[in-house]
$ cat target34.txt   # compact mmCIF, C-alpha atoms
# COMPACT_ATOMS: atom_id res chain seq x y z
CA GLU A 17 2.09 -1.57 22.48
CA ALA A 18 0.93 -4.76 20.73
CA GLN A 19 -0.56 -3.79 17.41
CA VAL A 20 -1.10 -4.36 13.73
CA THR A 21 -0.24 -1.37 11.56
CA GLN A 22 -1.24 -0.69 7.97
CA ASN A 23 -0.06 1.95 5.54
CA PRO A 24 -1.39 3.97 3.94
CA ARG A 25 -4.70 4.49 5.74
CA TYR A 26 -6.28 6.18 2.75
CA LEU A 27 -5.34 5.91 -0.90
CA ILE A 28 -6.88 7.20 -4.10
CA THR A 29 -5.29 5.87 -7.27
CA VAL A 30 -6.00 5.30 -10.94
CA THR A 31 -6.70 2.12 -12.84
CA GLY A 32 -3.58 0.15 -13.67
CA LYS A 33 -1.12 1.89 -11.36
CA LYS A 34 0.60 -0.73 -9.21
CA LEU A 35 0.32 -0.22 -5.47
CA THR A 36 1.35 -1.91 -2.24
CA VAL A 37 -0.39 -1.75 1.12
CA THR A 38 1.93 -2.64 3.94
CA CYS A 39 0.99 -4.58 7.06
CA SER A 40 3.20 -5.14 10.07
CA GLN A 41 2.62 -6.77 13.46
CA ASN A 42 4.84 -6.66 16.56
CA MET A 43 3.37 -9.65 18.42
CA ASN A 44 5.46 -12.41 16.83
CA HIS A 45 2.31 -13.92 15.37
CA GLU A 46 2.62 -16.75 12.89
CA TYR A 47 -0.71 -16.27 11.13
CA MET A 48 -1.51 -13.20 9.04
CA SER A 49 -4.37 -12.46 6.70
CA TRP A 50 -5.84 -9.83 4.39
CA TYR A 51 -9.56 -9.06 4.08
CA ARG A 52 -11.65 -6.66 2.10
CA GLN A 53 -14.90 -5.30 3.47
CA ASP A 54 -17.71 -4.13 1.22
CA PRO A 55 -21.23 -3.02 2.20
CA GLY A 56 -23.63 -5.95 2.37
CA LEU A 57 -20.89 -8.50 1.75
CA GLY A 58 -19.03 -8.41 5.03
CA LEU A 59 -15.38 -9.31 5.36
CA ARG A 60 -13.98 -11.52 2.63
CA GLN A 61 -10.59 -13.16 2.95
CA ILE A 62 -8.13 -12.41 0.16
CA TYR A 63 -4.97 -14.27 1.20
CA TYR A 64 -3.58 -15.71 4.38
CA SER A 65 -0.21 -16.92 5.61
CA MET A 66 0.44 -19.59 8.20
CA ASN A 67 4.12 -18.64 8.55
CA VAL A 68 7.10 -17.23 6.71
CA GLU A 69 7.14 -18.21 3.02
CA VAL A 70 3.74 -19.97 3.37
CA THR A 71 0.77 -18.25 1.73
CA ASP A 72 -2.62 -19.49 0.56
CA LYS A 73 -5.58 -18.08 -1.31
CA GLY A 74 -8.70 -17.04 0.50
CA ASP A 75 -12.08 -16.61 -1.13
CA VAL A 76 -11.31 -13.59 -3.33
CA PRO A 77 -7.63 -13.69 -4.38
CA GLU A 78 -8.01 -12.54 -8.01
CA GLY A 79 -6.11 -9.35 -8.75
CA TYR A 80 -4.01 -9.49 -5.57
CA LYS A 81 -0.59 -10.78 -4.60
CA VAL A 82 1.06 -11.21 -1.23
CA SER A 83 4.43 -12.19 0.15
CA ARG A 84 5.68 -13.27 3.57
CA LYS A 85 9.43 -12.90 3.58
CA GLU A 86 9.63 -12.14 7.26
CA LYS A 87 7.33 -12.92 10.15
CA ARG A 88 6.23 -9.41 10.98
CA ASN A 89 5.33 -8.15 7.50
CA PHE A 90 2.64 -9.20 5.05
CA PRO A 91 2.25 -6.70 2.21
CA LEU A 92 -0.71 -6.73 -0.17
CA ILE A 93 0.14 -5.94 -3.78
CA LEU A 94 -2.27 -4.82 -6.49
CA GLU A 95 -0.35 -5.14 -9.75
CA SER A 96 -3.01 -3.48 -11.90
CA PRO A 97 -5.80 -2.06 -9.73
CA SER A 98 -9.30 -1.81 -11.15
CA PRO A 99 -12.36 0.09 -9.88
CA ASN A 100 -13.92 -3.12 -8.50
CA GLN A 101 -11.04 -3.24 -6.03
CA THR A 102 -12.29 -0.07 -4.39
CA SER A 103 -12.89 -1.24 -0.85
CA LEU A 104 -11.88 -1.11 2.81
CA TYR A 105 -8.96 -3.45 3.45
CA PHE A 106 -8.01 -4.99 6.78
CA CYS A 107 -4.88 -6.85 7.72
CA ALA A 108 -5.08 -9.22 10.69
CA SER A 109 -2.77 -11.48 12.66
CA SER A 110 -3.09 -14.19 15.29
CA LEU A 111 -0.64 -16.30 17.22
CA PHE A 112 -1.57 -19.37 15.20
CA GLY A 113 -4.13 -20.11 12.52
CA THR A 114 -5.56 -23.00 14.49
CA GLY A 115 -7.33 -23.19 17.83
CA GLY A 116 -9.26 -20.37 19.39
CA HIS A 117 -6.63 -17.73 18.83
CA GLU A 118 -8.24 -14.42 18.09
CA GLN A 119 -7.30 -12.30 15.15
CA TYR A 120 -6.04 -8.78 15.82
CA PHE A 121 -7.02 -6.39 13.07
CA GLY A 122 -5.19 -3.36 11.76
CA PRO A 123 -6.98 0.00 11.49
CA GLY A 124 -7.91 -0.51 7.84
CA THR A 125 -6.93 1.03 4.50
CA ARG A 126 -9.59 2.72 2.45
CA LEU A 127 -8.71 2.35 -1.22
CA THR A 128 -10.41 4.12 -4.08
CA VAL A 129 -9.53 3.19 -7.67
CA THR A 130 -10.80 5.58 -10.35
CA GLY B 1 -20.23 -23.59 -1.18
CA GLN B 2 -19.77 -21.22 1.70
CA ASN B 3 -22.71 -19.33 3.14
CA ILE B 4 -23.24 -17.57 6.43
CA ASP B 5 -26.47 -15.77 7.27
CA GLN B 6 -27.18 -13.17 9.91
CA PRO B 7 -29.99 -10.66 10.32
CA THR B 8 -29.03 -7.35 8.76
CA GLU B 9 -30.22 -5.09 11.55
CA MET B 10 -31.59 -5.34 15.07
CA THR B 11 -32.76 -2.80 17.60
CA ALA B 12 -32.94 -3.21 21.36
CA THR B 13 -33.35 -1.09 24.47
CA GLU B 14 -30.68 -0.21 26.99
CA GLY B 15 -30.64 -2.77 29.82
CA ALA B 16 -32.38 -5.45 27.76
CA ILE B 17 -31.11 -8.77 26.40
CA VAL B 18 -30.62 -9.40 22.68
CA GLN B 19 -29.82 -12.57 20.75
CA ILE B 20 -28.07 -12.36 17.38
CA ASN B 21 -28.36 -15.51 15.30
CA CYS B 22 -25.94 -16.94 12.77
CA THR B 23 -26.53 -19.90 10.49
CA TYR B 24 -23.79 -21.37 8.35
CA GLN B 25 -23.29 -23.83 5.54
CA THR B 26 -19.60 -24.33 4.87
CA SER B 27 -17.52 -27.05 3.26
CA GLY B 28 -15.80 -27.67 6.56
CA PHE B 29 -15.90 -26.48 10.13
CA ASN B 30 -13.06 -25.80 12.52
CA GLY B 31 -14.43 -23.20 14.88
CA LEU B 32 -16.80 -20.24 14.98
CA PHE B 33 -15.86 -16.74 16.06
CA TRP B 34 -17.82 -13.63 16.93
CA TYR B 35 -16.35 -10.17 16.44
CA GLN B 36 -17.64 -6.70 17.28
CA GLN B 37 -17.06 -3.81 14.92
CA HIS B 38 -17.91 -0.22 15.78
CA ALA B 39 -18.56 2.10 12.86
CA GLY B 40 -15.31 3.21 11.25
CA GLU B 41 -13.19 0.89 13.37
CA ALA B 42 -11.54 -2.51 13.07
CA PRO B 43 -13.25 -5.69 14.31
CA THR B 44 -12.38 -6.90 17.79
CA PHE B 45 -12.71 -10.44 19.11
CA LEU B 46 -15.63 -11.42 21.33
CA SER B 47 -15.86 -15.21 21.52
CA TYR B 48 -14.91 -18.60 20.11
CA ASN B 49 -16.84 -21.88 19.96
CA VAL B 50 -15.63 -25.17 18.55
CA LEU B 51 -17.71 -27.63 20.59
CA ASP B 52 -21.47 -27.60 21.03
CA GLY B 53 -22.76 -25.59 23.92
CA LEU B 54 -22.60 -22.23 25.58
CA GLU B 55 -19.51 -20.14 26.27
CA GLU B 56 -20.01 -17.31 28.73
CA LYS B 57 -17.85 -14.26 29.04
CA GLY B 58 -19.22 -11.52 31.24
CA ARG B 59 -22.22 -9.87 29.58
CA PHE B 60 -21.61 -11.83 26.37
CA SER B 61 -22.37 -15.50 25.72
CA SER B 62 -22.10 -17.52 22.55
CA PHE B 63 -23.80 -20.79 21.69
CA LEU B 64 -23.00 -23.36 19.04
CA SER B 65 -24.87 -26.31 17.55
CA ARG B 66 -22.71 -27.97 14.91
CA SER B 67 -25.41 -30.41 13.81
CA LYS B 68 -27.74 -27.51 13.03
CA GLY B 69 -25.09 -25.18 11.63
CA TYR B 70 -26.26 -22.57 14.09
CA SER B 71 -24.80 -20.15 16.57
CA TYR B 72 -26.03 -17.18 18.52
CA LEU B 73 -24.47 -14.34 20.44
CA LEU B 74 -26.33 -13.24 23.55
CA LEU B 75 -25.75 -9.78 24.92
CA LYS B 76 -27.14 -9.02 28.39
CA GLU B 77 -27.64 -5.73 30.21
CA LEU B 78 -27.29 -3.82 27.00
CA GLN B 79 -25.38 -0.55 27.08
CA MET B 80 -25.31 2.26 24.55
CA LYS B 81 -21.71 1.37 23.71
CA ASP B 82 -22.92 -2.04 22.47
CA SER B 83 -24.30 -0.31 19.37
CA ALA B 84 -22.10 -1.86 16.70
CA SER B 85 -22.00 -4.53 14.02
CA TYR B 86 -21.56 -8.12 15.12
CA LEU B 87 -19.74 -10.45 12.76
CA CYS B 88 -20.01 -14.23 12.77
CA ALA B 89 -17.07 -16.09 11.19
CA VAL B 90 -16.41 -19.78 10.50
CA ARG B 91 -12.96 -21.25 10.02
CA ASP B 92 -12.89 -23.79 7.25
CA ASN B 93 -11.80 -27.30 8.15
CA TYR B 94 -9.59 -27.71 5.13
CA GLY B 95 -7.30 -24.84 5.78
CA GLN B 96 -7.04 -21.86 7.96
CA ASN B 97 -9.22 -19.58 5.90
CA PHE B 98 -12.12 -17.73 7.47
CA VAL B 99 -15.57 -17.05 6.09
CA PHE B 100 -17.41 -14.09 7.59
CA GLY B 101 -21.11 -13.41 7.58
CA PRO B 102 -22.45 -10.04 6.41
CA GLY B 103 -22.73 -8.77 9.98
CA THR B 104 -25.66 -7.64 12.11
CA ARG B 105 -25.93 -3.96 12.92
CA LEU B 106 -27.28 -3.56 16.43
CA SER B 107 -28.72 -0.26 17.62
CA VAL B 108 -29.23 0.18 21.35
CA LEU B 109 -31.81 2.83 22.18
CA PRO B 110 -32.18 4.66 25.50
$ encode --input "target34.txt" --output "structure tokens"
Amino acid sequence: EAQVTQNPRYLITVTGKKLTVTCSQNMNHEYMSWYRQDPGLGLRQIYYSMNVEVTDKGDVPEGYKVSRKEKRNFPLILESPSPNQTSLYFCASSLFGTGGHEQYFGPGTRLTVT
Amino acid sequence: GQNIDQPTEMTATEGAIVQINCTYQTSGFNGLFWYQQHAGEAPTFLSYNVLDGLEEKGRFSSFLSRSKGYSYLLLKELQMKDSASYLCAVRDNYGQNFVFGPGTRLSVLP
């Protein structure tokens, strides 16, 4: 089944404790992206990747890191999480970043930082 | 700057037609997307416009006017399952980053 998977789905952590949210897609997509979704603000793009070893900042990259060492995986790293990073996070992928290619979203990761 | 506006909430009756508007002001433009998101779920793709005009896809249509920075999503023959949030997103011309609007929560009443 074609899908985007994220782990963990739920995470409660404390300020400053490094964490990684994994994202994997099995559709051989070149483009991958991370978003956070907060009430009233909608989806905001954190980072995106056009292909392996190519990453770029979205609108809200501060406090996050990403890597794209292989095509299928695009982990999101929070080196020192803070309470303002409490949010619902979505990973997404599409065949290419250009054209009308739709993004397929993962199920989401709900992160709480205390 | 980047700004996308949508109405926060709308209500319509089953079987009716509803139009959800989206206005945008972005530093560049390389396509506009509409997504549907049911409560507690991930967004799913509905439509894509890059040229002016109407794109029809079954009960859903989407319109774009680039000169006005305006789009709308038209939903016909509303069904209860159409109760969801509808997200408008613009892809920036200078890269492949996406800017999403705040979403419109649509409630379909019997």
$ interface_residues --input "target34.txt" --of "chain A" --to "chain B" --cutoff "8 Å" --atoms "only C-alpha atoms" --output "compact mmCIF listing (two decimals) with C-alpha atoms, in the frame of the given file"
# COMPACT_ATOMS: atom_id res chain seq x y z
CA GLY A 56 -23.63 -5.95 2.37
CA LEU A 57 -20.89 -8.50 1.75
CA GLY A 58 -19.03 -8.41 5.03
CA LEU A 59 -15.38 -9.31 5.36
CA ARG A 60 -13.98 -11.52 2.63
CA GLN A 61 -10.59 -13.16 2.95
CA TYR A 64 -3.58 -15.71 4.38
CA MET A 66 0.44 -19.59 8.20
CA GLY A 74 -8.70 -17.04 0.50
CA PHE A 106 -8.01 -4.99 6.78
CA GLY A 113 -4.13 -20.11 12.52
CA THR A 114 -5.56 -23.00 14.49
CA GLY A 115 -7.33 -23.19 17.83
CA GLY A 116 -9.26 -20.37 19.39
CA GLU A 118 -8.24 -14.42 18.09
CA GLN A 119 -7.30 -12.30 15.15
CA TYR A 120 -6.04 -8.78 15.82
CA PHE A 121 -7.02 -6.39 13.07
CA GLY A 122 -5.19 -3.36 11.76
CA PRO A 123 -6.98 0.00 11.49
CA GLY A 124 -7.91 -0.51 7.84
$ closest_residue --input "target34.txt" --among "B:Ala39, B:Met10, B:Leu54, B:Ile20" --to "Arg105 (chain B)" --atoms "all atoms listed in the file"
B:Met10
$ atom_distance --input "target34.txt" --atom1 "CA of Tyr105 (chain A)" --atom2 "CA of Pro91 (chain A)"
11.7 Å
$ atom_distance --input "target34.txt" --atom1 "CA of Phe60 (chain B)" --atom2 "CA of Leu74 (chain B)"
5.7 Å
$ closest_residue --input "target34.txt" --among "A:Leu104, A:Met43, A:Val76, A:Leu127" --to "Tyr26 (chain A)" --atoms "only C-alpha atoms"
A:Leu127
$ atom_distance --input "target34.txt" --atom1 "CA of Leu35 (chain A)" --atom2 "CA of Ser96 (chain A)"
7.9 Å
$ closest_residue --input "target34.txt" --among "B:Gln37, B:Thr23, B:Ser83, B:Ser67" --to "Asp5 (chain B)" --atoms "only C-alpha atoms"
B:Thr23
$ closest_residue --input "target34.txt" --among "B:Thr13, B:Gln6, B:Gln25, B:Gln19" --to "Lys81 (chain B)" --atoms "only C-alpha atoms"
B:Thr13
$ closest_residue --input "target34.txt" --among "A:Ser110, A:Thr130, A:Thr21, A:Ser83" --to "Val68 (chain A)" --atoms "all atoms listed in the file"
A:Ser83
$ residues_around --input "target34.txt" --residues "Ser40 (chain A)" --least-positions-apart "6" --cutoff "12 Å" --atoms "only C-alpha atoms" --output "VMD selection string"
chain A and resid 18 to 24 46 to 50 84 to 92 106 to 109 120 to 123
$ residues_around --input "target34.txt" --residues "Ser98 (chain A)" --least-positions-apart "6" --cutoff "8 Å" --atoms "only C-alpha atoms" --output "PyMOL selection string"
chain A and resi 30-32+129-130
$ closest_residue --input "target34.txt" --among "B:Glu14, B:Glu55, B:Glu9, B:Asp92" --to "Lys76 (chain B)" --atoms "all atoms listed in the file"
B:Glu14
$ decode --input "target34.txt" --residues "region 83-100 of chain B" --atoms "N, CA and C atoms" --output "PDB file, in the first residue's frame"
ATOM      1  N   SER B  83     -18.471  17.477   5.549  1.00  0.00           N
ATOM      2  CA  SER B  83     -18.130  18.257   6.743  1.00  0.00           C
ATOM      3  C   SER B  83     -16.660  18.032   7.057  1.00  0.00           C
ATOM      4  N   ALA B  84     -15.873  19.090   6.929  1.00  0.00           N
ATOM      5  CA  ALA B  84     -14.421  18.982   7.065  1.00  0.00           C
ATOM      6  C   ALA B  84     -13.843  20.390   6.980  1.00  0.00           C
ATOM      7  N   SER B  85     -12.539  20.484   7.141  1.00  0.00           N
ATOM      8  CA  SER B  85     -11.839  21.746   6.879  1.00  0.00           C
ATOM      9  C   SER B  85     -11.283  21.711   5.472  1.00  0.00           C
ATOM     10  N   TYR B  86     -11.317  22.855   4.812  1.00  0.00           N
ATOM     11  CA  TYR B  86     -10.808  22.960   3.448  1.00  0.00           C
ATOM     12  C   TYR B  86      -9.660  23.960   3.442  1.00  0.00           C
ATOM     13  N   LEU B  87      -8.512  23.483   2.977  1.00  0.00           N
ATOM     14  CA  LEU B  87      -7.264  24.239   3.049  1.00  0.00           C
ATOM     15  C   LEU B  87      -6.846  24.699   1.668  1.00  0.00           C
ATOM     16  N   CYS B  88      -6.571  25.980   1.557  1.00  0.00           N
ATOM     17  CA  CYS B  88      -6.068  26.567   0.317  1.00  0.00           C
ATOM     18  C   CYS B  88      -4.552  26.716   0.482  1.00  0.00           C
ATOM     19  N   ALA B  89      -3.780  26.361  -0.530  1.00  0.00           N
ATOM     20  CA  ALA B  89      -2.322  26.451  -0.422  1.00  0.00           C
ATOM     21  C   ALA B  89      -1.729  26.985  -1.722  1.00  0.00           C
ATOM     22  N   VAL B  90      -0.777  27.885  -1.597  1.00  0.00           N
ATOM     23  CA  VAL B  90      -0.081  28.455  -2.757  1.00  0.00           C
ATOM     24  C   VAL B  90       1.360  27.984  -2.744  1.00  0.00           C
ATOM     25  N   ARG B  91       1.863  27.574  -3.895  1.00  0.00           N
ATOM     26  CA  ARG B  91       3.279  27.240  -4.006  1.00  0.00           C
ATOM     27  C   ARG B  91       4.016  28.484  -4.494  1.00  0.00           C
ATOM     28  N   ASP B  92       5.052  28.815  -3.750  1.00  0.00           N
ATOM     29  CA  ASP B  92       5.839  29.995  -4.039  1.00  0.00           C
ATOM     30  C   ASP B  92       6.624  29.820  -5.338  1.00  0.00           C
ATOM     31  N   ASN B  93       6.755  30.891  -6.072  1.00  0.00           N
ATOM     32  CA  ASN B  93       7.438  30.834  -7.364  1.00  0.00           C
ATOM     33  C   ASN B  93       8.944  30.666  -7.239  1.00  0.00           C
ATOM     34  N   TYR B  94       9.475  31.042  -6.099  1.00  0.00           N
ATOM     35  CA  TYR B  94      10.926  31.075  -5.974  1.00  0.00           C
ATOM     36  C   TYR B  94      11.513  29.784  -5.444  1.00  0.00           C
ATOM     37  N   GLY B  95      10.684  28.885  -5.122  1.00  0.00           N
ATOM     38  CA  GLY B  95      11.175  27.607  -4.630  1.00  0.00           C
ATOM     39  C   GLY B  95      10.055  26.618  -4.725  1.00  0.00           C
ATOM     40  N   GLN B  96      10.138  25.609  -3.936  1.00  0.00           N
ATOM     41  CA  GLN B  96       9.025  24.677  -3.923  1.00  0.00           C
ATOM     42  C   GLN B  96       8.400  24.641  -2.536  1.00  0.00           C
ATOM     43  N   ASN B  97       8.390  25.800  -1.872  1.00  0.00           N
ATOM     44  CA  ASN B  97       7.739  25.819  -0.575  1.00  0.00           C
ATOM     45  C   ASN B  97       6.276  26.208  -0.733  1.00  0.00           C
ATOM     46  N   PHE B  98       5.475  25.735   0.185  1.00  0.00           N
ATOM     47  CA  PHE B  98       4.038  25.920   0.146  1.00  0.00           C
ATOM     48  C   PHE B  98       3.586  26.788   1.313  1.00  0.00           C
ATOM     49  N   VAL B  99       2.651  27.684   1.020  1.00  0.00           N
ATOM     50  CA  VAL B  99       2.029  28.491   2.058  1.00  0.00           C
ATOM     51  C   VAL B  99       0.554  28.120   2.120  1.00  0.00           C
ATOM     52  N   PHE B 100       0.114  27.693   3.305  1.00  0.00           N
ATOM     53  CA  PHE B 100      -1.272  27.288   3.489  1.00  0.00           C
ATOM     54  C   PHE B 100      -2.070  28.401   4.166  1.00  0.00           C
TER      55      PHE B 100
END
